[in-house]
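Chemist: Supplied in structure tokens, the structure appears directly below.
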4 protein chains.
Amino acid sequence: MRKTESLKKLLDSPELEFLMEAHNGLSAGIVENAGFNCIWASGLAISASMGVRDNNELSWTQVLEIVEFMSDAVKIPILLDGDTGYGNYNNMRRLVRKLEQRGVAGVCIEDKLFPKTNSFLGQRQPLADIKEFSGKIRAGKDSQTDDSFCIVARVEAFISGWGLAEALKRAEAYHEAGADAILMHSKRSDFREIETFMKEWGNRCPVVIVPTKYFQTPTSAFRESGISVVIWANHLLRSAITAMKNTAAQIYQSESLAQVEHKVASLSDIFELQKCNELREAEKRYLPQGNGGRIV
Amino acid sequence: MRKTESLKKLLDSPELEFLMEAHNGLSAGIVENAGFNCIWASGLAISASMGVRDNNELSWTQVLEIVEFMSDAVKIPILLDGDTGYGNYNNMRRLVRKLEQRGVAGVCIEDKLFPKTNSFLGQRQPLADIKEFSGKIRAGKDSQTDDSFCIVARVEAFISGWGLAEALKRAEAYHEAGADAILMHSKRSDFREIETFMKEWGNRCPVVIVPTKYFQTPTSAFRESGISVVIWANHLLRSAITAMKNTAAQIYQSESLAQVEHKVASLSDIFELQKCNELREAEKRYLPQGNGGRIV
Amino acid sequence: MRKTESLKKLLDSPELEFLMEAHNGLSAGIVENAGFNCIWASGLAISASMGVRDNNELSWTQVLEIVEFMSDAVKIPILLDGDTGYGNYNNMRRLVRKLEQRGVAGVCIEDKLFPKTNSFLGQRQPLADIKEFSGKIRAGKDSQTDDSFCIVARVEAFISGWGLAEALKRAEAYHEAGADAILMHSKRSDFREIETFMKEWGNRCPVVIVPTKYFQTPTSAFRESGISVVIWANHLLRSAITAMKNTAAQIYQSESLAQVEHKVASLSDIFELQKCNELREAEKRYLPQGNGGRIV
Amino acid sequence: MRKTESLKKLLDSPELEFLMEAHNGLSAGIVENAGFNCIWASGLAISASMGVRDNNELSWTQVLEIVEFMSDAVKIPILLDGDTGYGNYNNMRRLVRKLEQRGVAGVCIEDKLFPKTNSFLGQRQPLADIKEFSGKIRAGKDSQTDDSFCIVARVEAFISGWGLAEALKRAEAYHEAGADAILMHSKRSDFREIETFMKEWGNRCPVVIVPTKYFQTPTSAFRESGISVVIWANHLLRSAITAMKNTAAQIYQSESLAQVEHKVASLSDIFELQKCNELREAEKRYLPQGNGGRIV
């Protein structure tokens with residue numbers, strides 16, 4: 001099964017499915033090893049890991065390169081958090097073609113304006129014109145050469161302070177434009193506004209959610225309301241930050257590795273994640289015996 | 001003080017100094033915040049974080065881009081682990097010029113052959129010809145436009161199974177070629193071979209070590225033998241791996257964020273590391289009042 | 001003199017100065033060799049040379065990389081055609097910092113919207129809000145660390161079908177925001193609208209023009225009206241296209257090089273433009289005698 | 001037919017086929033428009049166009065990006081001049097996978113050492129170990145996922161001053177290792193050494209030649225001796241250099257475009273090469289009527 005098919009199947013699945021955030025090739029591998037079926041290449045996590053802001057400070061080709069490394073590192077599909085598509089319908093077309101080439105299975109775009117601001121910052125961020133954004137979705141869908149490549153349309157109506165009517169209007173328009181799923185975002189600490197949306201939505205197409213702020217809502221509530229996919233959107237990055245801060249502090253204070261060594265992954269763990277064994281085997285096949293074809 | 005001056009001063013300092021590994025802009029910021037004076041941009045950690053091997057699978061310009069993000073994220077200097085210089089003396093010249101432009105304070109190159117293999121893998125890796133490697137150092141030094149840019153020459157003689165004589169011969173040659181410091185590497189679990197080297201070396205120029213394998217040696221032993229700089233070479237990456245593995249496993253099994261949320265850095269922590277406040281302030285200065293110059 | 005100082009001096013010079021288009025390292029070298037004092041890194045020419053459209057199909061970092069190669073190839077300054085600054089004031093800040101690092105002397109930004117359309121295509125392209133664009137100029141100026149880095153503000157009022165009043169209002173606002181010069185663009189086949197502008201403008205700051213469409217206007221007219229800088233904006237690319245089309249056709253038809261060989265630059269010409277001699281000299285300095293440090 | 005299939009078919013064709021050099025998206029489009037069936041992405045031309053030397057001054061990912069633009073610009077296949085494969089068998093494996101993703105149909109690698117030197121410079125350049133190079137070919141072939149992706153093995157024996165026996169030995173080894181064709185290179189001004197090779201070779205697999213130096217040999221001679229493919233290796237670049245030099249000189253001296261305008265391609269020619277019409281049509285499909293979805 002191609003990665004795109006896996007993602008499409010996962011979106012359409014009657015079961016509740018889970019995507020786990022990753023932000024580079026390493027974390028992508030960890031997500032795959034943990035058993036997840038799909039990766040969320042988070043814009044927030046990717047930008048933060050590079051040391052920049054979630055405001056399109058990275059160019060779209062820099063994001064593309066990072067997600068290419070991620071895609072190379074795993075066999076499970078990746079859904080890229082593609083911000084606003086990095087421009088208009090034409091930039092979206094280029095994005096879709098480039099993602100397909102790199103083996104990325106799908107992209108999620110949100111109905112805000114370029115350059116974007118993270119959804120959890122500020123109030124009443126301006127939204128894209130519905131027709132313009134729908135055209136962007138159609139342009140993306142028309143550009144894909146692989147039938148199963150997925151475009152998820154993220155509705156920021158709730159995030160920007162609009163109500164149910166606006167959320168429904170936008171979801172409907174994006175669905176009609178060809179979106180494979182709707183991501184309905186919310187920054188409330190409870191599930192209520194999305195729950196209400198789900199009742200009205202009536203399962204017209206798969207709905208994806210990101211419960212970063214309403215993490216206390218039990219997963220059963222998502223199942224009951226008919227959600228298709230839950231994204232755990234930034235927790236690997238956040239756990240890495242905590243760990244790295246602690247390790248840096250401990251080494252700085254103790255001027256020693258002794259207390260840290262047994263708490264952290266071993267070098268062998270790294271080599272295993274890097275698949276160094278494969279290289280050792282390949283060397284036997286492709287390098288002349290003796291000194292490995294190199295001078296001493 | 002320019003970053004290059006800070007690094008040069010640190011190498012020449014009579015005190016024992018410490019470099020902490022980072023592998024992207026985020027971890028670089030964490031190292032700086034922890035109080036360290038300088039960052040080791042580890043080739044192993046960078047390649048592992050991207051999901052590839054430490055065998056020059058990344059092109060030198062891909063490494064350059066990563067270290068540029070790191071450099072942009074911090075005010076403290078960065079010493080790049082530049083493998084073998086990614087080619088011959090001419091590639092080294094280009095590397096030095098490009099690093100200077102990106103504000104990277106120095107580069108460490110090792111006397112092995114391109115493409116390299118991680119020092120902790122395999123046995124008796126072939127070494128570079130001493131004259132060829134010395135020419136590479138000279139070419140690098142002649143190319144720098146900033147007097148304080150530092151080139152550290154890493155001797156892999158012990159790693160490759162050679163003895164003290166070879167290590168001394170190489171260190172001496174690289175020192176004469178203009179290296180600002182010698183990195184004497186060892187994969188023994190004790191400090192002995194480097195200790196012996198230090199006695200013979202007699203402080204001809206600063207010596208840098210990487211006690212990844214001899215982590216149990218007390219730091220006082222490094223001080224006593226006259227070491228200038230200790231590199232804690234890969235421990236932020238290793239702690240991030242452990243944390244991300246655990247978090248991924250926990251979320252996978254519980255299908256919930258509830259148990260994880262309080263253990264990981266908050267969104268605000270991320271926003272702070274990204275310096276989002278600066279942007280909010282800048283917006284007031286540069287964007288028209290009202291809707292931020294964007295359509296609703 | 002730094003490249004930025006050369007550009008600043010050229011903009012402020014009482015003499016009429018000329019910028020010649022280049023679109024890659026090769027054409028940049030040709031411009032320098034021809035005697036020009038400064039290069040116009042044309043967005044149209046760069047995008048066309050890469051085989052894409054002048055609609056921000058290239059990401060800003062892809063443009064950055066191309067202009068870095070150009071800057072590395074020459075000693076004269078480069079003014080980059082920076083479209084709309086590739087986003088808002090914050091993207092502009094990043095752009096300025098990255099251009100400074102690469103030794104690019106200045107950037108010209110135009111008061112249109114991202115993604116841009118080439119000025120010679122279509123009618124009544126929408127313009128940027130004056131305050132928003134002025135904020136972008138200020139943000140750029142505040143970000144430069146080199147006092148002499150130049151920001152040229154390109155007014156598209158005439159291009160978009162507006163009259164003199166709008167052109168003056170915008171020029172004045174951008175000048176007040178700190179622009180080092182105003183580029184007043186026109187797509188008429190005569191010099192009239194700019195001539196009128198110049199009378200009203202009264203030399204408040206240097207004015208740059210691009211007479212691609214009014215190429216028949218004698219240069220003396222530009223001098224008399226007080227223009228500071230003329231950009232020959234795309235003619236190297238256009239002459240290369242003609243030459244390559246002819247050569248391709250001739251070789252295709254004749255299935256032979258015989259008729260072409262004496263009409264085209266020699267291999268030695270290429271090697272000279274690449275400065276291969278410098279490498280041969282460097283090899284003597286840095287490579288061991290004998291086999292050049294390489295195995296046979 | 002996939003691009004790889006077209007290239008494979010062309011290599012295996014009983015007719016003499018011709019490849020024309022291109023070095024960026026623009027020249028690739030010109031080659032296609034002229035009627036050629038395949039493009040030679042020349043390492044010399046690409047490096048020269050970027051303003052650097054043909055000594056692996058470009059990283060392999062920088063070459064990859066350029067050839068991706070070329071591939072995007074045309075429907076005919078591209079054979080990349082891949083130097084020595086940019087490293088060992090493992091770098092070759094990565095290269096093949098990345099080229100496949102970008103739609104590049106094949107790669108030619110030469111039996112020299114990294115970093116390479118242009119074949120027309122210097123004498124007796126060292127050659128790769130036959131077994132090591134054969135392993136590199138096998139590694140490449142084993143890595144391709146598209147059966148028709150082509151690997152051409154370039155023999156530099158004649159270039160490095162070796163005789164027929166060495167050339168045959170290497171050609172035979174590379175053929176056995178799986179090369180889809182042999183490129184037999186020569187820098188003599190006549191066809192003799194290759195003619196002799198062809199008699200001995202006996203058509204074991206397709207042979208490609210590059211008659212840059214023996215351009216006076218009539219093409220009929222190539223046909224008669226059984227050559228499969230002729231590469232016109234650098235003539236678009238060379239004609240562009242001549243044209244750009246002349247244009248730059250003329251504009252510099254005349255301080256005017258008047259004499260140049262009618263000799264060079266028009267703006268419309270550029271827009272046509274950029275396929276701007278397609279964008280205008282797409283805009284109607286994807287942008288809302290009215291102001292194009294943009295603010296005034």
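In the structure tokens, chains take letters A, B, ... by order of appearance, with residues numbered from 1 within each chain and ligands from 1 in the order shown.
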If DSSP is run on the backbone, what residues of segment 48-227 of chain A are helix (DSSP H, G or I)? A reply as a ChimeraX atom specification would be ideal.

Modeler: /A:48-50,60-73,89-101,130-143,164-176,192-201,219-224

Chemist: For chain C against chain D, which residues fall within 6 Å using only C-alpha atoms, given as a CSV table (one decimal) with N, CA and C atoms, in the first residue's frame?

Modeler:
```
chain,number,residue,atom,x,y,z
C,24,ASN,N,22.7,34.8,-12.4
C,24,ASN,CA,23.4,33.7,-11.8
C,24,ASN,C,24.9,34.1,-11.6
C,25,GLY,N,25.7,33.2,-11.1
C,25,GLY,CA,27.1,33.6,-10.8
C,25,GLY,C,27.8,33.9,-12.1
C,26,LEU,N,27.5,33.1,-13.2
C,26,LEU,CA,28.2,33.3,-14.4
C,26,LEU,C,27.9,34.7,-15.0
C,34,ALA,N,32.6,43.4,-17.8
C,34,ALA,CA,32.2,44.4,-18.8
C,34,ALA,C,32.5,45.8,-18.3
C,49,SER,N,15.4,32.0,-15.5
C,49,SER,CA,16.5,31.1,-15.7
C,49,SER,C,16.3,29.7,-15.0
C,50,MET,N,15.6,29.7,-13.9
C,50,MET,CA,15.3,28.5,-13.3
C,50,MET,C,14.2,27.7,-13.9
C,51,GLY,N,13.5,28.3,-14.8
C,51,GLY,CA,12.4,27.7,-15.5
C,51,GLY,C,11.1,27.8,-14.8
C,52,VAL,N,10.9,28.8,-14.0
C,52,VAL,CA,9.7,29.1,-13.3
C,52,VAL,C,9.2,30.5,-13.5
C,53,ARG,N,8.0,30.8,-13.0
C,53,ARG,CA,7.4,32.1,-13.3
C,53,ARG,C,7.8,33.1,-12.2
C,73,ALA,N,30.7,35.5,-6.6
C,73,ALA,CA,31.4,35.5,-7.9
C,73,ALA,C,32.0,36.8,-8.3
C,126,PRO,N,-3.3,44.9,-7.7
C,126,PRO,CA,-3.5,45.6,-6.4
C,126,PRO,C,-2.2,46.0,-5.8
C,127,LEU,N,-2.3,47.2,-5.1
C,127,LEU,CA,-1.1,47.7,-4.4
C,127,LEU,C,-1.2,47.4,-2.9
C,215,PHE,N,12.8,52.0,-24.0
C,215,PHE,CA,14.2,51.9,-24.3
C,215,PHE,C,14.6,52.8,-25.4
C,216,GLN,N,13.7,53.5,-26.1
C,216,GLN,CA,14.1,54.4,-27.1
C,216,GLN,C,14.4,55.8,-26.6
C,236,LEU,N,20.7,40.6,-20.5
C,236,LEU,CA,21.7,39.4,-20.6
C,236,LEU,C,20.9,38.1,-20.7
C,238,ARG,N,18.0,37.8,-21.9
C,238,ARG,CA,17.3,37.8,-23.3
C,238,ARG,C,18.3,37.5,-24.4
C,239,SER,N,19.5,38.0,-24.3
C,239,SER,CA,20.5,37.7,-25.3
C,239,SER,C,20.9,36.2,-25.2
C,240,ALA,N,21.0,35.7,-24.0
C,240,ALA,CA,21.3,34.3,-23.8
C,240,ALA,C,20.2,33.4,-24.4
C,242,THR,N,18.2,34.0,-26.9
C,242,THR,CA,18.3,34.1,-28.4
C,242,THR,C,19.5,33.2,-28.8
C,243,ALA,N,20.6,33.4,-28.2
C,243,ALA,CA,21.8,32.6,-28.6
C,243,ALA,C,21.6,31.1,-28.4
C,244,MET,N,21.0,30.7,-27.3
C,244,MET,CA,20.8,29.3,-27.0
C,244,MET,C,19.8,28.7,-27.9
C,249,ALA,N,19.1,25.0,-32.3
C,249,ALA,CA,18.5,24.7,-33.6
C,249,ALA,C,19.5,24.2,-34.6
C,257,LEU,N,28.8,19.7,-34.4
C,257,LEU,CA,29.3,20.9,-33.7
C,257,LEU,C,30.0,21.8,-34.7
C,258,ALA,N,30.4,21.3,-35.9
C,258,ALA,CA,31.3,21.9,-36.7
C,258,ALA,C,31.0,23.4,-37.0
C,264,VAL,N,31.1,30.1,-30.6
C,264,VAL,CA,30.8,30.1,-29.1
C,264,VAL,C,32.1,30.3,-28.3
C,265,ALA,N,31.9,30.7,-27.1
C,265,ALA,CA,33.0,30.8,-26.2
C,265,ALA,C,33.8,29.5,-26.1
C,274,GLN,N,35.6,30.7,-14.5
C,274,GLN,CA,35.6,29.9,-13.2
C,274,GLN,C,36.8,30.1,-12.4
C,296,VAL,N,45.9,6.2,-7.1
C,296,VAL,CA,45.8,5.9,-8.5
C,296,VAL,C,45.3,4.4,-8.6
```

Chemist: As number ranges by chain, please: all residues of segment 78-184 of chain B that backbone DSSP puts in strand (DSSP E or B).

Modeler: B: 78-81, 106-110, 112, 127, 150-155, 181-184

Chemist: Using only C-alpha atoms, which of C:Leu164, C:Leu95, C:Cys150, C:Ala173 sits nearest Leu10 of chain C?

Modeler: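 Of the candidates, the smallest distance to Leu10 of chain C is held by C:Cys150.
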
Chemist: Have a look at D:Glu156, D:Glu193, D:Asp147, D:Asp111 and name the one nearest to Gln123 of chain D; count only C-alpha atoms.

Modeler: D:Glu156

Chemist: Which residues, written as a PDB file with N, CA and C atoms, in the first residue's frame, have at least one atom at most 8 Å from Gly43 of chain A, with only C-alpha atoms counted and residues fewer than 5 positions away on the same chain left out?

Modeler:
```pdb
ATOM      1  N   ASP A  54       6.599  30.294  14.575  1.00  0.00           N
ATOM      2  CA  ASP A  54       5.560  29.682  13.746  1.00  0.00           C
ATOM      3  C   ASP A  54       4.834  30.771  12.940  1.00  0.00           C
ATOM      4  N   LEU A  80       1.425  16.627   6.457  1.00  0.00           N
ATOM      5  CA  LEU A  80       2.149  17.862   6.751  1.00  0.00           C
ATOM      6  C   LEU A  80       1.182  18.967   7.152  1.00  0.00           C
ATOM      7  N   ASP A  81       1.517  19.637   8.225  1.00  0.00           N
ATOM      8  CA  ASP A  81       0.849  20.869   8.637  1.00  0.00           C
ATOM      9  C   ASP A  81       1.376  21.968   7.709  1.00  0.00           C
ATOM     10  N   GLY A  82       0.613  22.261   6.654  1.00  0.00           N
ATOM     11  CA  GLY A  82       1.117  23.144   5.595  1.00  0.00           C
ATOM     12  C   GLY A  82       0.709  24.598   5.747  1.00  0.00           C
ATOM     13  N   ASP A  83       0.439  25.018   6.969  1.00  0.00           N
ATOM     14  CA  ASP A  83       0.061  26.411   7.231  1.00  0.00           C
ATOM     15  C   ASP A  83      -1.062  26.847   6.267  1.00  0.00           C
TER      16      ASP A  83
END
```

Chemist: Using only C-alpha atoms, determine which residues lie at most 12 Å from Ile109 of chain D, disregarding the query and same-chain residues fewer than 6 positions distant; provide the list as a PyMOL selection string.

Modeler: chain D and resi 42-43+79-89+91-92+95-96+116+128+133-134+136-137+140+150-156+174+179-185

Chemist: Identify which of the residues C:Val229, C:Arg97, C:Gly135, C:Ala157 lies closest to Ser186 of chain C, counting only C-alpha atoms when measuring atom-to-atom distances.

Modeler: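 Of C:Val229, C:Arg97, C:Gly135, C:Ala157, the one nearest Ser186 of chain C is C:Ala157, counting only C-alpha atoms.
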
Chemist: Just give me the gap between atom CA of Ile209 of chain A and atom CA of Asn37 of chain A in Å, one decimal is fine.

Modeler: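 Taking atom CA of Ile209 of chain A as the start and atom CA of Asn37 of chain A as the end point, the length is 16.4 Å.
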